Protein chains: 2
Amino acid sequence: MSNPIDLVFAALADPTRREILTMLLEDDMAVTDVAEPFEMSLAAISKHLHILTRAGLIAQEKHGRVKWCKLQMDAMKDTSIWMESFGQFETVNLDAFERFLEDQTIQIK
Amino acid sequence: MSNPIDLVFAALADPTRREILTMLLEDDMAVTDVAEPFEMSLAAISKHLHILTRAGLIAQEKHGRVKWCKLQMDAMKDTSIWMESFGQFETVNLDAFERFLEDQTIQIK
DNA sequence: CCCAAAATCAACCATATGGTTGACCTTCCC
DNA sequence: GGGAAGGTCAACCATATGGTTGATTTTGGG
């Protein structure tokens with residue numbers, strides 16, 4: 001699984017990670033602060049943050065001994081575009097199908 | 001992982017499954033026909049279809065010995081909405097931030 | 001009736017998640 | 001300098017993917 005869009009979808013498939021993203025929507029956060037509301041070890045959160053980083057959904061930057069986590073919306077947008085365009089293709093096809101049906105009706109007339 | 005949105009994201013994280021969805025955009029297909037373009041066993045495709053079904057992205061219906069696969073766009077839409085609303089919240093926050101900056105400027109004046 | 005086609009099931013394998021705990025490295029600060 | 005805070009790393013465990021092959025089930029058709 002190396003495709004960037006694969007990594008984004010996989011990263012979004014976990015509720016903990018989606019909640020982390022939602023938290024980061026408010027503001028950048030240090031790793032310890034991200035972990036605070038969750039009932040799991042700091043190491044587990046660190047792994048989640050690594051997966052989010054690998055997917056490009058967040059960026060991490062170290063200042064002193066504190067590592068800051070920051071949302072990167074672009075990765076999400078690419079994926080959102082995939083989904084939207086998917087929906088649009090369906091619409092296009094439905095239109096084509098309706099035109100096809102109309103043509104059929106005309107033929108019958 | 002039982003949350004429906006978890007299952008949708010996880011299902012979309014595999015390129016084979018996304019390609020299957022794209023194929024189904026054109027028309028409903030039998031399992032064997034779905035498998036035909038891929039260089040993997042029918043059993044593997046059957047598993048992928050099961051994961052897509054579990055996520056609600058497709059529905060399968062058996063007619064005789066042929067099982068037809070049909071896109072179910074609603075599941076994808078729910079997930080798309082999650083992503084869009086996520087982006088919107090960011091926009092809202094940016095607006096708030098800009099207003100904040102303007103207020104600051106006014107104060108300085 | 002009997003064979004072939006359509007699919008799934010079962011068992012197996014390698015790898016990735018998702019979590020734990022304990023050791024470790026950096027950096028701040030007294 | 002040394003202890004504590006901020007994080008990661010490593011090893012471990014259970015479970016899920018993503019694939020394989022071989023057997024099995026169901027159904028259509030000559």
# chains A, B, ... in the order shown; residues from 1 in each chain; ligands from 1

call {"tool": "residues_around", "arguments": {"residues": "DA23 (chain C)", "least_positions_apart": "3", "cutoff": "12 Å", "atoms": "only C-alpha atoms (C1' of nucleotides)", "output": "PyMOL selection string"}}
result
chain D and resi 8-11

call {"tool": "write_last_selection", "arguments": {"atoms": "N, CA and C atoms (P, O5', C5', C4', C3', O3' and C1' of nucleotides)", "output": "PDB file, in the first residue's frame"}}
result
ATOM      1  P    DT D   8       6.750  11.190  18.813  1.00  0.00           P
ATOM      2  O5'  DT D   8       7.883  10.048  18.849  1.00  0.00           O
ATOM      3  C5'  DT D   8       9.231  10.450  18.665  1.00  0.00           C
ATOM      4  C4'  DT D   8      10.147   9.256  18.869  1.00  0.00           C
ATOM      5  C3'  DT D   8       9.807   8.027  18.020  1.00  0.00           C
ATOM      6  O3'  DT D   8      11.003   7.611  17.374  1.00  0.00           O
ATOM      7  C1'  DT D   8      10.046   7.416  20.285  1.00  0.00           C
ATOM      8  P    DC D   9      10.977   6.451  16.264  1.00  0.00           P
ATOM      9  O5'  DC D   9      11.562   5.197  17.078  1.00  0.00           O
ATOM     10  C5'  DC D   9      12.499   5.439  18.116  1.00  0.00           C
ATOM     11  C4'  DC D   9      13.026   4.128  18.666  1.00  0.00           C
ATOM     12  C3'  DC D   9      12.738   2.908  17.807  1.00  0.00           C
ATOM     13  O3'  DC D   9      13.829   2.008  17.942  1.00  0.00           O
ATOM     14  C1'  DC D   9      11.672   2.656  19.901  1.00  0.00           C
ATOM     15  P    DA D  10      13.956   0.747  16.957  1.00  0.00           P
ATOM     16  O5'  DA D  10      13.705  -0.482  17.942  1.00  0.00           O
ATOM     17  C5'  DA D  10      14.071  -0.365  19.316  1.00  0.00           C
ATOM     18  C4'  DA D  10      13.757  -1.664  20.035  1.00  0.00           C
ATOM     19  C3'  DA D  10      13.417  -2.845  19.132  1.00  0.00           C
ATOM     20  O3'  DA D  10      13.865  -4.030  19.762  1.00  0.00           O
ATOM     21  C1'  DA D  10      11.542  -2.325  20.451  1.00  0.00           C
ATOM     22  P    DA D  11      13.817  -5.415  18.934  1.00  0.00           P
ATOM     23  O5'  DA D  11      12.823  -6.285  19.834  1.00  0.00           O
ATOM     24  C5'  DA D  11      12.951  -6.211  21.250  1.00  0.00           C
ATOM     25  C4'  DA D  11      11.718  -6.801  21.906  1.00  0.00           C
ATOM     26  C3'  DA D  11      11.145  -8.028  21.200  1.00  0.00           C
ATOM     27  O3'  DA D  11      10.865  -9.027  22.166  1.00  0.00           O
ATOM     28  C1'  DA D  11       9.459  -6.425  21.505  1.00  0.00           C
TER      29       DA D  11
END

call {"tool": "interface_residues", "arguments": {"of": "chain B", "to": "chain D", "cutoff": "10 Å", "atoms": "only C-alpha atoms (C1' of nucleotides)", "output": "MDAnalysis selection string"}}
result
chainID B and resid 1 14 40:41 43:44 47:48 63:66

call {"tool": "residues_around", "arguments": {"residues": "Ala59 (chain B)", "least_positions_apart": "2", "cutoff": "8 Å", "atoms": "only C-alpha atoms (C1' of nucleotides)", "output": "PyMOL selection string"}}
result
chain B and resi 53+56-57+61+69-72

call {"tool": "write_last_selection", "arguments": {"atoms": "C-alpha atoms", "output": "PDB file, in the first residue's frame"}}
result
ATOM      1  CA  THR B  53     -20.647  -5.304   0.479  1.00  0.00           C
ATOM      2  CA  GLY B  56     -22.458  -0.937   1.935  1.00  0.00           C
ATOM      3  CA  LEU B  57     -20.684   0.318  -1.199  1.00  0.00           C
ATOM      4  CA  GLU B  61     -28.004 -10.273  -5.692  1.00  0.00           C
ATOM      5  CA  CYS B  69     -22.863  -6.704  -8.170  1.00  0.00           C
ATOM      6  CA  LYS B  70     -24.468  -3.276  -8.070  1.00  0.00           C
ATOM      7  CA  LEU B  71     -23.109   0.053  -6.861  1.00  0.00           C
ATOM      8  CA  GLN B  72     -24.757   1.621  -3.827  1.00  0.00           C
TER       9      GLN B  72
END

call {"tool": "interface_residues", "arguments": {"of": "chain B", "to": "chain A", "cutoff": "8 Å", "atoms": "only C-alpha atoms", "output": "list in words"}}
result
Met1, Ile5, Asp6, Leu7, Val8, Phe9, Ala10, Leu12, Ala13, Asp14, Pro15, Thr22, Leu25, Glu26, Met73, Met76, Lys77, Ser80, Met83, Glu84, Phe86, Gly87, Phe89, Glu90 and Asn93 of chain B

call {"tool": "write_last_selection", "arguments": {"atoms": "C-alpha atoms", "output": "mmCIF file, in the first residue's frame"}}
result
data_model
loop_
_atom_site.group_PDB
_atom_site.id
_atom_site.type_symbol
_atom_site.label_atom_id
_atom_site.label_comp_id
_atom_site.auth_asym_id
_atom_site.auth_seq_id
_atom_site.Cartn_x
_atom_site.Cartn_y
_atom_site.Cartn_z
ATOM 1 C CA MET B 1 -13.881 -1.687 13.335
ATOM 2 C CA ILE B 5 -17.806 5.037 8.093
ATOM 3 C CA ASP B 6 -14.776 3.052 9.235
ATOM 4 C CA LEU B 7 -15.790 0.241 6.919
ATOM 5 C CA VAL B 8 -16.275 2.594 3.975
ATOM 6 C CA PHE B 9 -12.859 4.232 4.373
ATOM 7 C CA ALA B 10 -11.174 0.865 4.880
ATOM 8 C CA LEU B 12 -11.776 2.490 -0.282
ATOM 9 C CA ALA B 13 -8.162 2.119 0.859
ATOM 10 C CA ASP B 14 -7.450 -0.616 -1.674
ATOM 11 C CA PRO B 15 -6.811 0.228 -5.350
ATOM 12 C CA THR B 22 -15.226 2.408 -11.115
ATOM 13 C CA LEU B 25 -20.134 2.790 -12.408
ATOM 14 C CA GLU B 26 -20.701 1.711 -15.998
ATOM 15 C CA MET B 73 -23.834 5.279 -3.962
ATOM 16 C CA MET B 76 -20.073 6.767 -0.439
ATOM 17 C CA LYS B 77 -22.096 9.959 -0.152
ATOM 18 C CA SER B 80 -18.066 12.271 1.127
ATOM 19 C CA MET B 83 -14.953 14.987 4.211
ATOM 20 C CA GLU B 84 -16.714 18.015 2.805
ATOM 21 C CA PHE B 86 -14.446 18.665 7.546
ATOM 22 C CA GLY B 87 -13.153 21.029 4.872
ATOM 23 C CA PHE B 89 -15.080 23.621 9.299
ATOM 24 C CA GLU B 90 -11.578 24.533 8.318
ATOM 25 C CA ASN B 93 -12.041 28.632 11.227
#

call {"tool": "interface_residues", "arguments": {"of": "chain C", "to": "chain A", "cutoff": "10 Å", "atoms": "only C-alpha atoms (C1' of nucleotides)", "output": "VMD selection string"}}
result
chain C and resid 16 18 to 21 26 to 28

call {"tool": "write_last_selection", "arguments": {"atoms": "C-alpha atoms (C1' of nucleotides)", "output": "mmCIF file, in the first residue's frame"}}
result
data_model
loop_
_atom_site.group_PDB
_atom_site.id
_atom_site.type_symbol
_atom_site.label_atom_id
_atom_site.label_comp_id
_atom_site.auth_asym_id
_atom_site.auth_seq_id
_atom_site.Cartn_x
_atom_site.Cartn_y
_atom_site.Cartn_z
ATOM 1 C "C1'" DA C 16 0.038 -4.656 8.592
ATOM 2 C "C1'" DG C 18 -3.752 -1.461 17.070
ATOM 3 C "C1'" DG C 19 -2.678 -1.983 21.351
ATOM 4 C "C1'" DT C 20 0.411 -2.999 25.504
ATOM 5 C "C1'" DT C 21 4.737 -2.354 28.549
ATOM 6 C "C1'" DT C 26 16.520 14.608 24.345
ATOM 7 C "C1'" DT C 27 15.814 18.625 26.386
ATOM 8 C "C1'" DC C 28 14.372 21.708 29.950
#

call {"tool": "residues_around", "arguments": {"residues": "Asp33 (chain A)", "least_positions_apart": "4", "cutoff": "10 Å", "atoms": "only C-alpha atoms (C1' of nucleotides)", "output": "list in words"}}
result
Asp28, Met29, Pro37, Phe38, Leu42, Trp68 and Cys69 of chain A

call {"tool": "select_by_dssp", "arguments": {"residues": "region 15-93 of chain B", "states": "helix (DSSP H, G or I)", "output": "short mmCIF file (atom, residue, chain, number, x, y, z; two decimals) with C-alpha atoms, in the first residue's frame"}}
result
data_model
loop_
_atom_site.label_atom_id
_atom_site.label_comp_id
_atom_site.auth_asym_id
_atom_site.auth_seq_id
_atom_site.Cartn_x
_atom_site.Cartn_y
_atom_site.Cartn_z
CA PRO B 15 -6.81 0.23 -5.35
CA THR B 16 -8.35 -3.02 -6.57
CA ARG B 17 -11.58 -2.23 -4.79
CA ARG B 18 -11.64 1.35 -6.08
CA GLU B 19 -11.15 0.02 -9.58
CA ILE B 20 -14.00 -2.43 -9.09
CA LEU B 21 -16.23 0.47 -8.01
CA THR B 22 -15.23 2.41 -11.12
CA MET B 23 -16.11 -0.57 -13.29
CA LEU B 24 -19.50 -0.86 -11.61
CA LEU B 25 -20.13 2.79 -12.41
CA GLU B 26 -20.70 1.71 -16.00
CA VAL B 31 -18.58 -11.69 -10.11
CA THR B 32 -16.69 -13.57 -12.83
CA ASP B 33 -16.81 -10.54 -15.12
CA VAL B 34 -15.58 -8.26 -12.33
CA ALA B 35 -12.62 -10.60 -11.82
CA LEU B 42 -11.57 -15.33 -8.39
CA ALA B 43 -11.47 -16.11 -4.67
CA ALA B 44 -9.46 -12.94 -4.03
CA ILE B 45 -12.00 -10.85 -5.95
CA SER B 46 -14.79 -12.56 -4.06
CA LYS B 47 -13.18 -11.40 -0.82
CA HIS B 48 -12.87 -7.83 -2.11
CA LEU B 49 -16.54 -7.88 -3.09
CA HIS B 50 -17.42 -9.09 0.39
CA ILE B 51 -15.55 -6.17 1.93
CA LEU B 52 -17.30 -3.74 -0.42
CA THR B 53 -20.65 -5.30 0.48
CA ARG B 54 -19.94 -5.12 4.19
CA MET B 73 -23.83 5.28 -3.96
CA ASP B 74 -25.41 6.28 -0.64
CA ALA B 75 -22.65 4.83 1.53
CA MET B 76 -20.07 6.77 -0.44
CA LYS B 77 -22.10 9.96 -0.15
CA ASP B 78 -22.19 9.76 3.64
CA THR B 79 -18.43 9.51 3.69
CA SER B 80 -18.07 12.27 1.13
CA ILE B 81 -20.21 14.46 3.36
CA TRP B 82 -17.88 13.78 6.29
CA MET B 83 -14.95 14.99 4.21
CA GLU B 84 -16.71 18.01 2.81
CA SER B 85 -17.95 19.14 6.22
CA PHE B 86 -14.45 18.67 7.55
CA GLY B 87 -13.15 21.03 4.87
CA GLN B 88 -15.94 23.48 5.64
CA PHE B 89 -15.08 23.62 9.30
CA GLU B 90 -11.58 24.53 8.32
CA THR B 91 -12.91 27.33 6.12
CA VAL B 92 -15.06 28.59 8.97
CA ASN B 93 -12.04 28.63 11.23
#

call {"tool": "select_by_dssp", "arguments": {"residues": "region 6-106 of chain A", "states": "strand (DSSP E)", "output": "ChimeraX atom specification"}}
result
/A:29-30,58-63,66-71

call {"tool": "atom_distance", "arguments": {"atom1": "C1' of DC24 (chain C)", "atom2": "CA of Ala30 (chain A)"}}
result
20.5 Å

call {"tool": "decode", "arguments": {"residues": "chain C", "atoms": "C-alpha atoms (C1' of nucleotides)", "output": "mmCIF file, in the first residue's frame"}}
result
data_model
loop_
_atom_site.group_PDB
_atom_site.id
_atom_site.type_symbol
_atom_site.label_atom_id
_atom_site.label_comp_id
_atom_site.auth_asym_id
_atom_site.auth_seq_id
_atom_site.Cartn_x
_atom_site.Cartn_y
_atom_site.Cartn_z
ATOM 1 C "C1'" DC C 1 -28.271 -37.491 -16.109
ATOM 2 C "C1'" DC C 2 -24.002 -35.497 -16.012
ATOM 3 C "C1'" DC C 3 -20.583 -32.172 -16.946
ATOM 4 C "C1'" DA C 4 -19.122 -27.551 -16.803
ATOM 5 C "C1'" DA C 5 -19.708 -22.867 -15.126
ATOM 6 C "C1'" DA C 6 -20.317 -19.547 -11.141
ATOM 7 C "C1'" DA C 7 -19.009 -18.689 -6.681
ATOM 8 C "C1'" DT C 8 -17.884 -19.515 -2.043
ATOM 9 C "C1'" DC C 9 -15.455 -21.972 1.639
ATOM 10 C "C1'" DA C 10 -11.466 -23.634 4.142
ATOM 11 C "C1'" DA C 11 -6.893 -23.795 5.212
ATOM 12 C "C1'" DC C 12 -2.767 -21.689 4.832
ATOM 13 C "C1'" DC C 13 0.831 -17.830 4.530
ATOM 14 C "C1'" DA C 14 2.922 -13.139 4.870
ATOM 15 C "C1'" DT C 15 2.310 -8.656 6.314
ATOM 16 C "C1'" DA C 16 0.038 -4.656 8.592
ATOM 17 C "C1'" DT C 17 -2.957 -2.712 12.561
ATOM 18 C "C1'" DG C 18 -3.752 -1.461 17.070
ATOM 19 C "C1'" DG C 19 -2.678 -1.983 21.351
ATOM 20 C "C1'" DT C 20 0.411 -2.999 25.504
ATOM 21 C "C1'" DT C 21 4.737 -2.354 28.549
ATOM 22 C "C1'" DG C 22 9.470 -1.152 29.449
ATOM 23 C "C1'" DA C 23 13.694 0.837 27.933
ATOM 24 C "C1'" DC C 24 15.652 4.698 25.907
ATOM 25 C "C1'" DC C 25 16.987 9.392 24.152
ATOM 26 C "C1'" DT C 26 16.520 14.608 24.345
ATOM 27 C "C1'" DT C 27 15.814 18.625 26.386
ATOM 28 C "C1'" DC C 28 14.372 21.708 29.950
ATOM 29 C "C1'" DC C 29 15.193 23.605 34.347
ATOM 30 C "C1'" DC C 30 16.582 23.865 39.257
#
